[in-house]
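What follows is a short report on a single structure.
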Amino acid sequence: MTATRVEFNPFLPEFIENPFPIYHRLRSEDPVHESPMGFWVLTRYDDVAGMLRDARFGRKGFDTLLQARFGEAGFDLSMLFRDPPDHTRLRALVSKAFTPRVVEEMRGRIQEIVDALLDRAQDVGRMDVIADLAYPLPLIVICEMLGVPTENRDLFRRWSVDIARSLDAIALPTEPEVIERGTAARHALADYFRGLIAERRRRPKADLLSDLIAAEEQGDKLTEGELMATVLLLFVAGHETTVNLIGNGMLALLRHPAELRALRADPGLIGSAVEELLRYDGPVQRTGRMPNTDVALGGRTIRKGALVLGLIGAANRDPAHFPDPDRLDITRGDNRHLAFGWGIHFCLGAPLARLEAQIAILALVRRLPRLALATARLEWRRASTLRGLTALPVTF
């Protein structure tokens with residue numbers, strides 16, 4: 001009996017539940033995979049890391065792709081989809097707000113937010129880690145950084161979830177409804193920020209939004225369109241991925257009680273624990289590039305302008321780089337995972353995401369000694385670019 005040829009199909013229910021067996025097959029059987037859907041898929045660590053740092057793979061061409069997928073509502077002005085020199089200029093304008101030193105100064109405030117959220121949950125005796133902690137924490141933090149009022153938190157969540165899910169449409173055939181909801185959410189979020197930007201122009205404050213407006217008003221650093229694209233990117237990326245990092249991470253610990261006990265016994269392991277959780281089941285599962293020339297890779301030729309997906313989730317479980325890669329080990333050393341990317345597009349908010357996750361996860365582990373899953377039936381969001389749970393109910 002002939003074995004079925006492995007294909008990258010993120011629409012399969014079993015893939016949404018657990019993509020790692022498919023990743024393993026792709027990596028061993030067809031590591032430079034040409035999908036019938038019209039793009040290439042890379043799964044080995046060396047190939048994905050190479051793509052991320054190789055100047056032959058860039059973002060040029062994504063503007064056309066986004067225009068085709070989303071019409072006039074694409075992300076073409078965001079630094080996420082730009083190459084140097086524009087990417088370098090845009091990143092420099094916001095990078096100083098996310099340096100390790102600046103982020104470390106936020107530790108006390110982040111701890112306050114976490115404690116307040118857990119105080120509220122402890123009064124009840126059970127909680128949804130996503131809705132009660134993982135979602136509000138990074139949202140409050142990015143809102144405070146940008147100077148955005150948090151009263152509309154539920155509205156922001158709906159918009160960001162719709163935008164995050166629509167990211168799949170960049171590479172994959174996607175239901176029209178998902179694209180429409182993502183487009184409507186981007187319009188709604190843009191309208192909200194348009195009003196807030198107008199207000200900040202009249203009355204600047206000591207926040208990141210006012211700093212970006214000042215750069216835009218200097219004329220040679222930031223255009224009005226780039227200002228809006230940058231603010232939207234910071235807002236969505238500034239909390240959406242951290243929600244999933246905390247949720248996926250806590251689920252992994254709850255499913256591996258020995259690792260949970262080890263962290264509870266030695267809180268000093270929290271740094272290496274978060275790095276391992278990022279590797280084991282990170283929030284960002286893939287990233288895309290387009291080569292600016294033909295590239296020979298793994299005995300195949302990837303043509304100039306083709307869409308190439310680097311599967312970060314697969315690379316982070318490559319046994320060539322991570323011994324016993326399917327085992328969760330919070331003491332794992334030399335953990336050079338790709339959860340935050342690599343190269344010029346390395347995640348700007350990595351120091352902040354790490355700190356938020358460390359504080360939130362350690363607080364859950366230390367304050368709730370009888371923490372346990374409240375159900376064995378968990379639902380994953382129907383998205384394959386950003387991987388996360390719809391809810392994580394726990395008792396304590």
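Lettering and numbering for the structure tokens are positional, with chains as A, B, ... in the shown order, residues counted from 1 in each chain, and ligands counted from 1 in the shown order.
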
Excluding range 9-25 of chain A and residues on its chain fewer than 3 positions from it, collect all residues at most 8 Å away from it, counting only C-alpha atoms, and give them as an mmCIF file with N, CA and C atoms, in the first residue's frame.
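Below is the file that was written, selection_24.cif:
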```
data_model
loop_
_atom_site.group_PDB
_atom_site.id
_atom_site.type_symbol
_atom_site.label_atom_id
_atom_site.label_comp_id
_atom_site.auth_asym_id
_atom_site.auth_seq_id
_atom_site.Cartn_x
_atom_site.Cartn_y
_atom_site.Cartn_z
ATOM 1 N N VAL A 6 2.627 13.660 1.952
ATOM 2 C CA VAL A 6 2.314 14.678 2.943
ATOM 3 C C VAL A 6 2.142 16.043 2.264
ATOM 4 N N SER A 28 10.738 15.684 7.494
ATOM 5 C CA SER A 28 11.499 14.482 7.143
ATOM 6 C C SER A 28 11.251 14.006 5.713
ATOM 7 N N GLU A 29 10.032 14.234 5.192
ATOM 8 C CA GLU A 29 9.687 13.694 3.873
ATOM 9 C C GLU A 29 9.776 14.720 2.745
ATOM 10 N N ASP A 30 9.488 15.987 3.017
ATOM 11 C CA ASP A 30 9.447 16.994 1.949
ATOM 12 C C ASP A 30 9.758 18.367 2.532
ATOM 13 N N THR A 43 10.408 23.861 6.489
ATOM 14 C CA THR A 43 10.150 23.336 7.828
ATOM 15 C C THR A 43 11.415 23.057 8.638
ATOM 16 N N GLY A 313 6.931 27.142 13.791
ATOM 17 C CA GLY A 313 6.547 26.070 14.708
ATOM 18 C C GLY A 313 7.251 24.757 14.393
ATOM 19 N N ALA A 314 7.493 24.504 13.109
ATOM 20 C CA ALA A 314 8.211 23.290 12.701
ATOM 21 C C ALA A 314 9.701 23.416 12.978
ATOM 22 N N ASP A 318 12.794 21.014 15.402
ATOM 23 C CA ASP A 318 13.712 20.291 14.529
ATOM 24 C C ASP A 318 14.723 19.540 15.399
ATOM 25 N N GLU A 379 -10.731 24.399 22.882
ATOM 26 C CA GLU A 379 -10.968 24.810 21.498
ATOM 27 C C GLU A 379 -9.875 25.769 21.046
ATOM 28 N N TRP A 380 -9.233 25.433 19.925
ATOM 29 C CA TRP A 380 -8.216 26.310 19.338
ATOM 30 C C TRP A 380 -8.876 27.253 18.333
ATOM 31 N N ARG A 381 -8.382 28.445 18.272
ATOM 32 C CA ARG A 381 -8.897 29.389 17.293
ATOM 33 C C ARG A 381 -8.605 28.876 15.888
ATOM 34 N N ARG A 382 -9.541 29.099 14.982
ATOM 35 C CA ARG A 382 -9.398 28.597 13.618
ATOM 36 C C ARG A 382 -8.502 29.535 12.819
ATOM 37 N N ALA A 383 -7.240 29.545 13.206
ATOM 38 C CA ALA A 383 -6.233 30.353 12.528
ATOM 39 C C ALA A 383 -4.924 29.576 12.587
ATOM 40 N N SER A 384 -4.106 29.715 11.555
ATOM 41 C CA SER A 384 -2.872 28.930 11.531
ATOM 42 C C SER A 384 -1.620 29.803 11.522
#
```

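When the distance limit is 6 Å and only C-alpha atoms are what count, the residues near range 176-192 of chain A, minus those fewer than 5 positions from it on the same chain, are Trp159, Asp162, Ile163 and Ser166 of chain A.
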
Filtering to N, CA and C atoms, could you give me those residues as a PDB file, in the first residue's frame?
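Dumped to part.pdb:
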```pdb
ATOM      1  N   TRP A 159     -12.057  43.344  17.485  1.00  0.00           N
ATOM      2  CA  TRP A 159     -11.337  43.824  16.300  1.00  0.00           C
ATOM      3  C   TRP A 159     -10.028  43.075  16.121  1.00  0.00           C
ATOM      4  N   ASP A 162     -10.481  39.470  14.896  1.00  0.00           N
ATOM      5  CA  ASP A 162     -10.853  39.420  13.477  1.00  0.00           C
ATOM      6  C   ASP A 162      -9.658  39.739  12.580  1.00  0.00           C
ATOM      7  N   ILE A 163      -8.850  40.712  12.975  1.00  0.00           N
ATOM      8  CA  ILE A 163      -7.658  41.057  12.183  1.00  0.00           C
ATOM      9  C   ILE A 163      -6.669  39.897  12.201  1.00  0.00           C
ATOM     10  N   SER A 166      -7.708  37.068   9.970  1.00  0.00           N
ATOM     11  CA  SER A 166      -7.642  37.387   8.547  1.00  0.00           C
ATOM     12  C   SER A 166      -6.217  37.332   8.005  1.00  0.00           C
TER      13      SER A 166
END
```

For the atom pair CA of Gly388 in chain A and CA of Asn244 in chain A, what is the interatomic distance in Å to one decimal place?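 Straight-line distance from CA of Gly388 in chain A to CA of Asn244 in chain A works out to 4.8 Å.
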
Sel. of strand (DSSP E or B) residues, range 20-191 of chain A, as a PyMOL selection string: chain A and resi 32-34+40-42+57-58+126-128

Determine the nearest neighbour of Arg336 in chain A from the options A:Phe57, A:Phe396, A:Tyr45, A:Phe62, counting only C-alpha atoms.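 Using only C-alpha atoms, Arg336 in chain A sits closest to A:Tyr45.
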
List the spatial neighbours of His87 in chain A as a list of chain:residue names - criterion: any atom at most 10 Å away, only C-alpha atoms, same-chain residues fewer than 5 positions off excluded.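 Answer for this query is A:Arg59, A:Leu77, A:Ser78, A:Met79, A:Leu80, A:Phe81, A:Arg82, A:Ala92, A:Ile344, A:His345.
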
Residues as selected, C-alpha atoms, written as an mmCIF file, in the first residue's frame, can you do that?
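Result file is part.cif:
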```
data_model
loop_
_atom_site.group_PDB
_atom_site.id
_atom_site.type_symbol
_atom_site.label_atom_id
_atom_site.label_comp_id
_atom_site.auth_asym_id
_atom_site.auth_seq_id
_atom_site.Cartn_x
_atom_site.Cartn_y
_atom_site.Cartn_z
ATOM 1 C CA ARG A 59 8.981 41.657 1.576
ATOM 2 C CA LEU A 77 2.539 50.723 4.674
ATOM 3 C CA SER A 78 3.399 48.740 7.804
ATOM 4 C CA MET A 79 7.065 48.103 8.618
ATOM 5 C CA LEU A 80 6.096 44.431 8.872
ATOM 6 C CA PHE A 81 5.790 44.332 5.080
ATOM 7 C CA ARG A 82 8.617 46.694 4.133
ATOM 8 C CA ALA A 92 14.092 53.173 14.314
ATOM 9 C CA ILE A 344 15.973 42.585 10.438
ATOM 10 C CA HIS A 345 12.347 41.687 11.216
#
```

Kindly indicate which residue among A:Asp63, A:Glu275, A:Glu356, A:Glu151 lies nearest to Ala134 in chain A, using only C-alpha atoms for the distances.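 Smallest distance to Ala134 in chain A is found for A:Glu356.
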
How many Å separate CA of Ala350 in chain A from CA of Ser272 in chain A?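 Those two atoms sit 14.5 Å apart.
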
Taking 4 positions as the minimum chain separation for residues in the same chain, which residues sit within 12 Å of Phe346 in chain A when counting only C-alpha atoms? Answer as a VMD selection string. chain A and resid 49 52 to 53 79 to 80 87 91 95 287 337 to 342 350 to 351

Pull the alpha helix (DSSP H) assignments for range 152-351 of chain A out of DSSP run on the backbone, and list those residues as a PyMOL selection string. chain A and resi 153-166+176-202+208-217+224-254+257-265+270-281+312-315+350-351

Residues from last step as file, C-alpha atoms, as a CSV table (one decimal), in the first residue's frame:
```csv
chain,number,residue,atom,x,y,z
A,153,ARG,CA,-11.5,46.7,25.9
A,154,ASP,CA,-14.1,44.3,24.6
A,155,LEU,CA,-14.4,46.2,21.3
A,156,PHE,CA,-10.6,46.1,20.9
A,157,ARG,CA,-10.6,42.4,21.5
A,158,ARG,CA,-13.2,41.7,18.8
A,159,TRP,CA,-11.3,43.8,16.3
A,160,SER,CA,-7.9,42.3,17.1
A,161,VAL,CA,-9.3,38.7,16.9
A,162,ASP,CA,-10.9,39.4,13.5
A,163,ILE,CA,-7.7,41.1,12.2
A,164,ALA,CA,-5.5,38.2,13.5
A,165,ARG,CA,-7.6,35.5,11.9
A,166,SER,CA,-7.6,37.4,8.5
A,176,PRO,CA,-14.9,35.7,2.2
A,177,GLU,CA,-16.5,36.3,5.6
A,178,VAL,CA,-13.2,36.1,7.4
A,179,ILE,CA,-11.6,38.6,5.0
A,180,GLU,CA,-14.7,40.9,5.3
A,181,ARG,CA,-14.6,40.8,9.1
A,182,GLY,CA,-10.8,41.5,9.1
A,183,THR,CA,-11.2,44.4,6.7
A,184,ALA,CA,-14.1,45.8,8.7
A,185,ALA,CA,-12.1,45.5,11.9
A,186,ARG,CA,-9.1,47.3,10.3
A,187,HIS,CA,-11.4,50.1,9.2
A,188,ALA,CA,-13.0,50.4,12.6
A,189,LEU,CA,-9.7,50.4,14.4
A,190,ALA,CA,-8.3,52.9,11.9
A,191,ASP,CA,-11.3,55.2,12.5
A,192,TYR,CA,-10.8,55.0,16.2
A,193,PHE,CA,-7.1,55.9,16.0
A,194,ARG,CA,-7.9,58.7,13.5
A,195,GLY,CA,-10.0,60.4,16.2
A,196,LEU,CA,-7.4,59.8,18.9
A,197,ILE,CA,-4.5,61.1,16.6
A,198,ALA,CA,-6.5,64.3,15.9
A,199,GLU,CA,-7.0,64.7,19.7
A,200,ARG,CA,-3.3,64.2,20.3
A,201,ARG,CA,-2.3,66.7,17.7
A,202,ARG,CA,-4.3,69.3,19.7
A,208,LEU,CA,4.2,56.8,22.3
A,209,LEU,CA,1.4,58.0,20.1
A,210,SER,CA,2.3,61.6,20.7
A,211,ASP,CA,6.0,60.8,20.0
A,212,LEU,CA,5.0,59.2,16.6
A,213,ILE,CA,2.8,62.2,15.7
A,214,ALA,CA,5.7,64.5,16.4
A,215,ALA,CA,7.9,62.4,14.0
A,216,GLU,CA,5.1,62.5,11.4
A,217,GLU,CA,4.9,66.3,11.8
A,224,GLU,CA,0.5,60.3,7.7
A,225,GLY,CA,-0.2,56.8,6.1
A,226,GLU,CA,2.9,55.4,7.8
A,227,LEU,CA,1.8,56.9,11.1
A,228,MET,CA,-1.5,55.1,10.9
A,229,ALA,CA,0.0,51.8,9.7
A,230,THR,CA,2.6,51.9,12.5
A,231,VAL,CA,0.0,52.6,15.2
A,232,LEU,CA,-2.3,49.8,14.0
A,233,LEU,CA,0.6,47.4,13.9
A,234,LEU,CA,1.8,48.2,17.4
A,235,PHE,CA,-1.6,47.9,18.8
A,236,VAL,CA,-2.5,44.6,17.3
A,237,ALA,CA,1.0,43.0,17.5
A,238,GLY,CA,1.5,44.5,20.9
A,239,HIS,CA,-1.0,42.3,22.5
A,240,GLU,CA,-2.4,39.6,20.2
A,241,THR,CA,0.7,37.4,20.2
A,242,THR,CA,1.3,37.8,24.0
A,243,VAL,CA,-2.2,36.6,24.7
A,244,ASN,CA,-1.3,33.3,22.9
A,245,LEU,CA,2.1,33.1,24.5
A,246,ILE,CA,0.6,33.1,28.0
A,247,GLY,CA,-2.3,30.9,27.0
A,248,ASN,CA,-0.3,28.3,25.1
A,249,GLY,CA,2.4,28.4,27.8
A,250,MET,CA,0.1,27.8,30.7
A,251,LEU,CA,-1.6,24.9,28.8
A,252,ALA,CA,1.8,23.3,28.2
A,253,LEU,CA,2.7,23.5,31.9
A,254,LEU,CA,-0.7,22.2,33.0
A,257,PRO,CA,2.8,18.6,35.8
A,258,ALA,CA,6.4,17.7,36.5
A,259,GLU,CA,7.6,20.9,34.8
A,260,LEU,CA,4.9,22.9,36.6
A,261,ARG,CA,6.1,21.5,39.9
A,262,ALA,CA,9.8,22.3,39.0
A,263,LEU,CA,8.9,25.9,38.2
A,264,ARG,CA,6.9,26.3,41.4
A,265,ALA,CA,9.8,24.8,43.4
A,270,ILE,CA,11.0,31.4,34.8
A,271,GLY,CA,13.3,32.9,32.3
A,272,SER,CA,14.3,29.6,30.7
A,273,ALA,CA,10.8,28.3,31.1
A,274,VAL,CA,9.3,31.1,29.0
A,275,GLU,CA,11.9,30.5,26.3
A,276,GLU,CA,11.0,26.8,26.3
A,277,LEU,CA,7.3,27.6,26.1
A,278,LEU,CA,8.0,29.9,23.1
A,279,ARG,CA,9.9,27.0,21.4
A,280,TYR,CA,7.4,24.3,22.4
A,281,ASP,CA,4.2,25.9,21.2
A,312,ILE,CA,8.5,28.7,12.7
A,313,GLY,CA,6.5,26.1,14.7
A,314,ALA,CA,8.2,23.3,12.7
A,315,ALA,CA,11.7,24.8,12.9
A,350,ALA,CA,10.2,40.6,22.2
A,351,PRO,CA,11.6,42.1,25.5
```

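Among the candidates A:Leu309, A:Val114, A:Leu65, A:Leu389, the residue lying nearest to Val48 in chain A is A:Leu309 (atoms considered: only C-alpha atoms).
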